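Student: This is coords-v5.tsv (TSV, C-alpha atoms).
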```tsv
chain	number	residue	atom	x	y	z
A	10	MET	CA	3.44	1.09	21.52
A	11	HIS	CA	6.34	-0.44	19.54
A	12	GLU	CA	6.32	-0.72	15.77
A	13	ILE	CA	3.67	-3.06	14.41
A	14	ARG	CA	4.11	-4.74	11.03
A	15	ALA	CA	0.78	-5.59	9.45
A	16	LEU	CA	-0.10	-7.49	6.30
A	17	ILE	CA	-3.39	-6.45	4.68
A	18	VAL	CA	-4.74	-8.88	2.09
A	19	ASP	CA	-7.60	-7.58	-0.05
A	20	ASP	CA	-8.21	-7.53	-3.79
A	21	SER	CA	-9.50	-3.97	-3.44
A	22	SER	CA	-6.74	-1.35	-3.12
A	23	VAL	CA	-9.33	1.03	-1.62
A	24	MET	CA	-10.21	-1.41	1.15
A	25	ARG	CA	-6.52	-1.89	1.91
A	26	LYS	CA	-6.19	1.88	2.33
A	27	ILE	CA	-9.32	2.03	4.51
A	28	VAL	CA	-8.10	-0.81	6.74
A	29	GLU	CA	-4.70	0.89	7.10
A	30	ARG	CA	-6.39	4.19	7.96
A	31	SER	CA	-8.59	2.45	10.55
A	32	LEU	CA	-5.54	0.81	12.18
A	33	ARG	CA	-3.87	4.21	12.49
A	34	GLN	CA	-7.10	5.71	13.87
A	35	ALA	CA	-7.18	2.82	16.34
A	36	GLY	CA	-3.93	4.13	17.78
A	37	LEU	CA	-1.35	2.11	15.84
A	38	ASP	CA	0.74	5.09	14.79
A	39	ALA	CA	3.99	3.16	14.45
A	40	LEU	CA	2.59	0.97	11.74
A	41	VAL	CA	4.43	-0.61	8.83
A	42	VAL	CA	1.97	-1.95	6.28
A	43	HIS	CA	2.57	-4.62	3.68
A	44	GLU	CA	-0.20	-4.99	1.12
A	45	ALA	CA	-1.22	-8.02	-0.93
A	46	GLY	CA	-3.88	-8.00	-3.64
A	47	SER	CA	-4.58	-11.73	-3.36
A	48	GLY	CA	-4.09	-14.72	-1.08
A	49	THR	CA	-1.30	-16.00	-3.30
A	50	GLU	CA	0.50	-12.67	-3.14
A	51	GLY	CA	0.07	-12.66	0.65
A	52	LEU	CA	1.63	-16.13	0.98
A	53	ASP	CA	4.57	-15.12	-1.21
A	54	LEU	CA	5.13	-11.99	0.83
A	55	LEU	CA	5.15	-13.95	4.09
A	56	LYS	CA	8.01	-16.10	2.79
A	57	THR	CA	10.29	-13.06	2.92
A	58	LYS	CA	8.71	-10.67	5.45
A	59	SER	CA	7.88	-11.03	9.14
A	60	VAL	CA	4.66	-9.49	10.38
A	61	ASP	CA	2.88	-9.07	13.74
A	62	LEU	CA	-0.68	-9.02	12.41
A	63	ILE	CA	-2.57	-10.22	9.33
A	64	LEU	CA	-5.90	-8.79	8.19
A	65	SER	CA	-7.57	-10.51	5.27
A	66	ASP	CA	-10.71	-10.21	3.20
A	67	ILE	CA	-12.64	-13.44	2.53
A	68	ASN	CA	-14.39	-12.80	-0.77
A	69	MET	CA	-11.53	-12.55	-3.26
A	70	PRO	CA	-11.10	-13.97	-6.76
A	71	MET	CA	-8.57	-16.78	-7.44
A	72	MET	CA	-7.77	-17.67	-3.81
A	73	ASP	CA	-10.34	-16.65	-1.20
A	74	GLY	CA	-9.47	-15.63	2.34
A	75	LEU	CA	-10.32	-19.01	3.85
A	76	GLU	CA	-8.03	-20.84	1.45
A	77	PHE	CA	-5.35	-18.25	2.22
A	78	LEU	CA	-5.73	-19.14	5.92
A	79	ARG	CA	-5.56	-22.89	5.23
A	80	GLN	CA	-2.41	-22.44	3.13
A	81	LEU	CA	-0.90	-20.21	5.79
A	82	ARG	CA	-1.25	-23.01	8.34
A	83	ALA	CA	-0.31	-25.80	5.90
A	84	GLN	CA	2.92	-24.02	4.92
A	85	ASN	CA	3.58	-22.99	8.52
A	86	LEU	CA	3.94	-19.35	7.53
A	87	ALA	CA	3.66	-16.63	10.21
A	88	PRO	CA	3.16	-19.09	13.11
A	89	GLY	CA	1.57	-17.46	16.16
A	90	VAL	CA	0.67	-14.30	14.24
A	91	PRO	CA	-2.96	-13.29	14.83
A	92	VAL	CA	-5.20	-13.26	11.75
A	93	VAL	CA	-8.34	-11.15	11.56
A	94	MET	CA	-10.83	-11.62	8.75
A	95	ILE	CA	-12.57	-8.50	7.43
A	96	THR	CA	-15.57	-9.31	5.31
A	97	THR	CA	-19.13	-8.54	4.25
A	98	GLU	CA	-20.11	-12.13	5.06
A	99	SER	CA	-21.62	-12.08	8.54
A	100	SER	CA	-23.51	-15.32	9.17
A	101	GLU	CA	-22.58	-17.57	12.11
A	102	GLU	CA	-21.54	-20.20	9.59
A	103	HIS	CA	-18.99	-17.89	7.96
A	104	VAL	CA	-17.56	-16.86	11.35
A	105	LYS	CA	-17.33	-20.52	12.41
A	106	GLN	CA	-15.57	-21.46	9.17
A	107	ALA	CA	-13.04	-18.64	9.58
A	108	ILE	CA	-12.29	-19.65	13.18
A	109	GLN	CA	-11.94	-23.31	12.14
A	110	CYS	CA	-9.44	-22.24	9.48
A	111	GLY	CA	-7.37	-20.48	12.13
A	112	ALA	CA	-8.62	-16.88	12.32
A	113	GLN	CA	-8.49	-15.24	15.76
A	114	GLY	CA	-10.82	-12.38	14.95
A	115	TYR	CA	-13.60	-11.35	12.63
A	116	ILE	CA	-14.69	-7.85	11.58
A	117	ARG	CA	-17.81	-7.34	9.51
A	118	LYS	CA	-17.87	-4.66	6.82
A	119	PRO	CA	-18.99	-1.91	7.23
A	120	PHE	CA	-16.90	-1.20	10.31
A	121	THR	CA	-15.71	1.74	12.37
A	122	ALA	CA	-12.17	2.47	13.59
A	123	GLU	CA	-13.49	1.83	17.11
A	124	GLN	CA	-14.51	-1.73	16.15
A	125	VAL	CA	-11.08	-2.32	14.60
A	126	LYS	CA	-9.50	-1.13	17.84
A	127	GLU	CA	-11.72	-3.43	19.97
A	128	ARG	CA	-10.97	-6.51	17.87
A	129	VAL	CA	-7.32	-5.98	16.97
A	130	LEU	CA	-5.55	-4.44	19.97
A	131	PRO	CA	-6.33	-7.29	22.43
A	132	LEU	CA	-4.85	-9.76	19.92
A	133	LEU	CA	-1.65	-7.74	19.68
A	134	ASP	CA	-1.43	-7.48	23.46
A	135	ALA	CA	-1.87	-11.24	23.79
A	136	ALA	CA	0.63	-12.14	21.05
B	6	MET	CA	-34.57	-29.82	6.00
B	7	ALA	CA	-34.11	-27.69	2.89
B	8	VAL	CA	-34.07	-23.96	3.54
B	9	SER	CA	-36.55	-21.91	1.54
B	10	LEU	CA	-37.01	-18.18	1.26
B	11	ARG	CA	-40.42	-18.38	-0.38
B	12	GLU	CA	-42.27	-18.05	2.93
B	13	SER	CA	-40.18	-15.08	4.00
B	14	LEU	CA	-40.48	-13.19	0.72
B	15	GLU	CA	-42.26	-10.34	2.50
B	16	THR	CA	-39.33	-9.94	4.93
B	17	VAL	CA	-36.73	-10.26	2.17
B	18	SER	CA	-38.39	-7.60	0.02
B	19	ASP	CA	-39.09	-5.22	2.95
B	20	PRO	CA	-37.91	-1.80	1.67
B	21	ARG	CA	-36.86	-0.77	5.20
B	22	ASN	CA	-34.01	-3.30	5.06
B	23	LEU	CA	-32.49	-1.43	2.13
B	24	ASP	CA	-32.86	1.97	3.82
B	25	SER	CA	-31.26	0.78	7.06
B	26	SER	CA	-28.42	-0.91	5.12
B	27	VAL	CA	-27.66	2.32	3.24
B	28	GLU	CA	-27.76	4.37	6.46
B	29	GLU	CA	-25.48	1.89	8.24
B	30	VAL	CA	-22.86	1.70	5.45
B	31	PHE	CA	-22.69	5.46	4.89
B	32	GLN	CA	-22.64	6.26	8.60
B	33	MET	CA	-19.91	3.75	9.40
B	34	MET	CA	-17.68	4.01	6.35
B	35	LEU	CA	-18.11	7.66	5.40
B	36	GLY	CA	-19.31	9.23	8.63
B	37	VAL	CA	-22.27	10.88	6.89
B	38	GLU	CA	-26.01	10.74	7.44
B	39	CYS	CA	-27.92	9.67	4.34
B	40	HIS	CA	-31.55	10.53	3.65
B	41	ARG	CA	-33.99	8.78	1.41
B	42	ASP	CA	-34.94	11.06	-1.46
B	43	GLY	CA	-38.34	10.48	-3.00
B	44	LEU	CA	-37.16	11.56	-6.42
B	45	THR	CA	-35.06	9.55	-8.83
B	46	ILE	CA	-31.70	11.28	-9.08
B	47	ALA	CA	-30.88	13.47	-12.04
B	48	LEU	CA	-27.60	11.91	-13.09
B	49	GLU	CA	-24.63	13.84	-14.38
B	50	PRO	CA	-23.61	12.91	-17.92
B	51	GLU	CA	-20.76	10.77	-16.58
B	52	SER	CA	-22.05	8.15	-14.18
B	53	VAL	CA	-20.49	5.34	-12.16
B	54	THR	CA	-22.40	2.12	-11.54
B	55	ALA	CA	-21.31	-0.83	-9.42
B	56	VAL	CA	-22.97	-4.24	-9.54
B	57	VAL	CA	-22.65	-7.10	-7.04
B	58	GLY	CA	-24.40	-10.34	-7.91
B	59	PHE	CA	-26.33	-12.57	-5.49
B	60	GLY	CA	-26.22	-16.34	-5.85
B	61	GLY	CA	-27.65	-19.27	-3.89
B	62	LEU	CA	-31.12	-19.13	-2.32
B	63	LEU	CA	-31.65	-15.78	-4.00
B	64	SER	CA	-30.27	-14.77	-7.36
B	65	GLY	CA	-30.11	-11.21	-8.55
B	66	ALA	CA	-27.99	-8.16	-8.03
B	67	CYS	CA	-27.39	-5.05	-5.97
B	68	VAL	CA	-26.79	-2.04	-8.21
B	69	PHE	CA	-25.34	1.25	-6.95
B	70	ARG	CA	-25.45	4.21	-9.33
B	71	THR	CA	-24.19	7.72	-8.90
B	72	GLY	CA	-22.81	10.68	-10.85
B	73	GLY	CA	-19.11	11.28	-11.41
B	74	SER	CA	-18.67	14.10	-8.89
B	75	ALA	CA	-20.72	12.26	-6.23
B	76	ALA	CA	-18.54	9.18	-6.84
B	77	MET	CA	-15.43	11.28	-6.16
B	78	THR	CA	-17.01	12.74	-3.00
B	79	ILE	CA	-17.88	9.25	-1.72
B	80	ALA	CA	-14.38	7.90	-2.44
B	81	ALA	CA	-12.83	10.97	-0.76
B	82	HIS	CA	-14.88	10.35	2.40
B	83	MET	CA	-13.87	6.68	2.39
B	84	THR	CA	-10.15	7.13	1.89
B	85	GLY	CA	-9.33	10.63	3.14
B	86	MET	CA	-7.87	11.38	-0.32
B	87	GLU	CA	-8.92	14.10	-2.78
B	88	PHE	CA	-9.98	13.24	-6.32
B	89	THR	CA	-10.33	15.36	-9.43
B	90	GLU	CA	-11.06	12.54	-11.86
B	91	ILE	CA	-12.71	9.14	-11.82
B	92	HIS	CA	-9.65	6.96	-11.65
B	93	ASP	CA	-9.31	3.40	-10.38
B	94	THR	CA	-9.40	4.30	-6.67
B	95	VAL	CA	-12.76	6.03	-7.14
B	96	LYS	CA	-14.14	3.05	-9.07
B	97	GLY	CA	-12.77	0.67	-6.43
B	98	GLY	CA	-14.42	2.72	-3.69
B	99	ILE	CA	-17.80	2.63	-5.41
B	100	GLY	CA	-17.40	-1.13	-5.93
B	101	GLU	CA	-16.70	-1.57	-2.20
B	102	ILE	CA	-19.71	0.54	-1.21
B	103	CYS	CA	-21.89	-1.68	-3.39
B	104	ASN	CA	-20.28	-4.80	-1.91
B	105	MET	CA	-20.96	-3.61	1.65
B	106	LEU	CA	-24.53	-2.60	0.79
B	107	ALA	CA	-25.20	-6.03	-0.71
B	108	GLY	CA	-23.68	-7.71	2.37
B	109	ALA	CA	-25.55	-5.51	4.84
B	110	TRP	CA	-28.84	-5.99	2.98
B	111	LYS	CA	-28.61	-9.80	2.87
B	112	GLY	CA	-27.44	-9.80	6.49
B	113	LYS	CA	-30.86	-8.44	7.55
B	114	VAL	CA	-32.45	-11.85	6.89
B	115	PRO	CA	-30.62	-14.75	8.64
B	116	GLU	CA	-31.55	-17.37	5.98
B	117	LEU	CA	-30.22	-15.05	3.30
B	118	ALA	CA	-27.04	-14.22	5.24
B	119	ALA	CA	-26.16	-17.90	5.50
B	120	ASN	CA	-27.33	-19.16	2.11
B	121	CYS	CA	-26.69	-16.39	-0.38
B	122	GLY	CA	-23.24	-15.61	-1.75
B	123	LEU	CA	-21.92	-12.37	-3.22
B	124	SER	CA	-19.91	-11.90	-6.39
B	125	VAL	CA	-16.94	-9.55	-6.51
B	126	PRO	CA	-18.08	-6.08	-7.63
B	127	ALA	CA	-18.08	-4.98	-11.27
B	128	VAL	CA	-17.91	-1.24	-11.96
B	129	ILE	CA	-19.17	0.46	-15.11
B	130	THR	CA	-18.49	4.08	-16.06
B	131	GLY	CA	-19.87	5.98	-19.02
B	132	ARG	CA	-22.80	7.90	-20.42
B	133	ASP	CA	-26.36	7.13	-21.41
B	134	TYR	CA	-26.87	3.58	-20.31
B	135	ASN	CA	-29.78	1.92	-18.54
B	136	LEU	CA	-30.20	-1.18	-16.47
B	137	HIS	CA	-32.99	-3.49	-17.53
B	138	VAL	CA	-34.04	-6.77	-15.92
B	139	GLN	CA	-36.85	-8.85	-17.40
B	140	ALA	CA	-39.68	-9.85	-15.06
B	141	PRO	CA	-37.91	-9.82	-11.70
B	142	GLU	CA	-39.45	-11.56	-8.68
B	143	PHE	CA	-39.19	-8.20	-6.94
B	144	GLN	CA	-37.22	-5.02	-7.30
B	145	LEU	CA	-36.42	-2.24	-4.84
B	146	HIS	CA	-35.25	1.05	-6.26
B	147	HIS	CA	-34.50	3.88	-3.82
B	148	ALA	CA	-32.79	7.25	-4.26
B	149	TYR	CA	-30.75	8.81	-1.44
B	150	CYS	CA	-28.74	11.94	-0.79
B	151	PHE	CA	-26.19	13.37	1.60
B	152	GLY	CA	-24.96	16.96	1.29
B	153	ASP	CA	-24.99	17.81	-2.41
B	154	SER	CA	-24.41	14.21	-3.45
B	155	ALA	CA	-27.08	11.84	-4.68
B	156	PHE	CA	-27.13	8.17	-5.62
B	157	ASP	CA	-29.58	5.36	-6.08
B	158	VAL	CA	-29.57	1.72	-5.09
B	159	THR	CA	-31.48	-1.07	-6.78
B	160	ILE	CA	-31.96	-4.59	-5.48
B	161	VAL	CA	-33.15	-6.87	-8.24
B	162	CYS	CA	-34.23	-10.41	-7.43
B	163	ASP	CA	-34.73	-12.58	-10.49
B	164	GLY	CA	-34.98	-15.91	-8.71
B	165	ILE	CA	-35.77	-17.18	-5.24
B	166	GLN	CA	-35.86	-20.71	-3.80
```
Write out the structure in this file as structure tokens.
Tutor:
Amino acid sequence: MHEIRALIVDDSSVMRKIVERSLRQAGLDALVVHEAGSGTEGLDLLKTKSVDLILSDINMPMMDGLEFLRQLRAQNLAPGVPVVMITTESSEEHVKQAIQCGAQGYIRKPFTAEQVKERVLPLLDAA
Amino acid sequence: MAVSLRESLETVSDPRNLDSSVEEVFQMMLGVECHRDGLTIALEPESVTAVVGFGGLLSGACVFRTGGSAAMTIAAHMTGMEFTEIHDTVKGGIGEICNMLAGAWKGKVPELAANCGLSVPAVITGRDYNLHVQAPEFQLHHAYCFGDSAFDVTIVCDGIQ
């Protein structure tokens, strides 16, 4: 597989490391990871960097993941790039909200590398 | 129609929900099997405690408490890194474990999953401190172990609608 550039947005540096590790375990060896500790930081980063995949937490202080998604669309940043939300919130309502805001995938924490593979790889193939 | 948890209090406070949440989080994120331990853990002098608040239909908190060396073991399993001191990555890992436990626990009851929010985790480290909540609606306090590591999890509910 060719090089994949991923943006991981999470206020927890540990979760960013875990998500990166899971992507590598899912078979994305040629992975270049950009990290953002907040939605605002993620938006700023996307103004200068191109990515193939965005993974974002929802429950973050300052700007939550849903607002990050809305801003992403409103500012037309990373058009066509698949966005996967990774979150502890698992109700149908939360999933619906994320999809309405433009997410293509949803992974509930806790997760396994296998689940990351199942949800992320088809999106990369389709993109 | 307004949603109420009062009628499902028995389901919400079912201790099996906490046990299965702990097993699920530790199995999936650390790859270890956890066992319920009947005894309250004997904490090391230095302990690490993470707290995630609940708000909405249920107010309260999920509290995860463990000793310093167990905290480093847990963070090492999560990240694949080795730790010799309780630095920010270890604290962040314990905060995330507490966050996932709180999310998994509330996810066991559909009304709670949809109508109860979680705060971002707060992590406390230090010696000789206790958690005290006045007259909770209910409280679950379970101790667990895996390998040589032990921890306990408390769900405190101080208000329910």
Student: Find the residues of chain A in contact range of chain B, meaning any atom within 8 Å when counting all atoms listed in the file, and list them as a compact mmCIF listing (two decimals) with C-alpha atoms, in the coordinates of the input.
Tutor:
```
# COMPACT_ATOMS: atom_id res chain seq x y z
CA SER A 21 -9.50 -3.97 -3.44
CA SER A 22 -6.74 -1.35 -3.12
CA VAL A 23 -9.33 1.03 -1.62
CA MET A 24 -10.21 -1.41 1.15
CA LYS A 26 -6.19 1.88 2.33
CA ILE A 27 -9.32 2.03 4.51
CA ARG A 30 -6.39 4.19 7.96
CA ASN A 68 -14.39 -12.80 -0.77
CA MET A 69 -11.53 -12.55 -3.26
CA PRO A 70 -11.10 -13.97 -6.76
CA THR A 97 -19.13 -8.54 4.25
CA GLU A 98 -20.11 -12.13 5.06
CA SER A 99 -21.62 -12.08 8.54
CA SER A 100 -23.51 -15.32 9.17
CA GLU A 101 -22.58 -17.57 12.11
CA GLU A 102 -21.54 -20.20 9.59
CA HIS A 103 -18.99 -17.89 7.96
CA LYS A 118 -17.87 -4.66 6.82
CA PRO A 119 -18.99 -1.91 7.23
CA PHE A 120 -16.90 -1.20 10.31
CA THR A 121 -15.71 1.74 12.37
```
Student: Near B:Asp133, within 12 Å and counting only C-alpha atoms, which residues show up once chain neighbours fewer than 3 positions away are dropped, as an NGL selection string?
Tutor: :B and (48-54 or 72 or 129-130 or 136)
Student: Fewer than 6 positions away in the same chain doesn't count, so skip those; otherwise give me all residues within 8 Å of A:Ala122, counting all atoms listed in the file, as a list of chain:residue names.
Tutor: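 Within the cut-off, the hits are A:Ser31, A:Leu32, A:Gln34, A:Ala35.
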Student: Write out as an NGL selection string which residues come within 10 Å of stretch 125-131 of chain A when counting all atoms listed in the file, dropping same-chain ones fewer than 4 positions away.
Tutor: :A and (28 or 31-37 or 62-64 or 91-93 or 95 or 113-117 or 120-121 or 135-136)
Student: One number please: atom CA of B:Ala155 to atom CA of B:Phe59, in Å, one decimal.
Tutor: 24.4 Å
Student: Please enclose the listed atoms of stretch 23-30 of chain B in an axis-aligned box, pad each side by 5 Å, and write out the centre and the three edge lengths in Å, rounded to one decimal, as AutoDock Vina command-line options.
Tutor:
```
--center_x -27.9 --center_y 1.5 --center_z 5.2 --size_x 20.0 --size_y 15.8 --size_z 16.1
```
Student: Do you have the atom CA of B:Ala81-atom CA of B:Gly58 distance handy?
Tutor: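 Rounded to one decimal, the two atoms are 25.3 Å apart.
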Student: Could you name the residues that touch A:Thr49 at 12 Å or less, counting all atoms listed in the file, but leaving out those on the same chain fewer than 6 positions away, as a PyMOL selection string?
Tutor: chain A and resi 18-20+55-56+65+69-81
Student: Tell me which protein, DNA and RNA residues are within 8 Å of B:Phe156, counting all atoms listed in the file, leaving out same-chain ones fewer than 6 positions away, and put them as a PDB file with C-alpha atoms, in the coordinates of the input.
Tutor:
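selection_0.pdb written:
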```pdb
ATOM      1  CA  ILE B  46     -31.700  11.280  -9.080  1.00  0.00           C
ATOM      2  CA  PHE B  69     -25.340   1.250  -6.950  1.00  0.00           C
ATOM      3  CA  ARG B  70     -25.450   4.210  -9.330  1.00  0.00           C
ATOM      4  CA  THR B  71     -24.190   7.720  -8.900  1.00  0.00           C
ATOM      5  CA  GLY B  72     -22.810  10.680 -10.850  1.00  0.00           C
ATOM      6  CA  ALA B  75     -20.720  12.260  -6.230  1.00  0.00           C
ATOM      7  CA  ALA B 148     -32.790   7.250  -4.260  1.00  0.00           C
ATOM      8  CA  TYR B 149     -30.750   8.810  -1.440  1.00  0.00           C
ATOM      9  CA  CYS B 150     -28.740  11.940  -0.790  1.00  0.00           C
TER      10      CYS B 150
END
```
Student: Figure out the distance between atom CA of A:Gln106 and atom CA of B:Val17, please, to one decimal in Å.
Tutor: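 One can read the atom CA of B:Val17 to atom CA of A:Gln106 distance as 24.9 Å.
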Student: Go through A:Ala45, A:Ile67, A:Leu40, A:Val90 one by one, measure the shortest atom-to-atom distance of each to A:Leu16 using only C-alpha atoms, and give the residue with the smallest value.
Tutor: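 Among the listed residues, A:Ala45 lies closest to A:Leu16.
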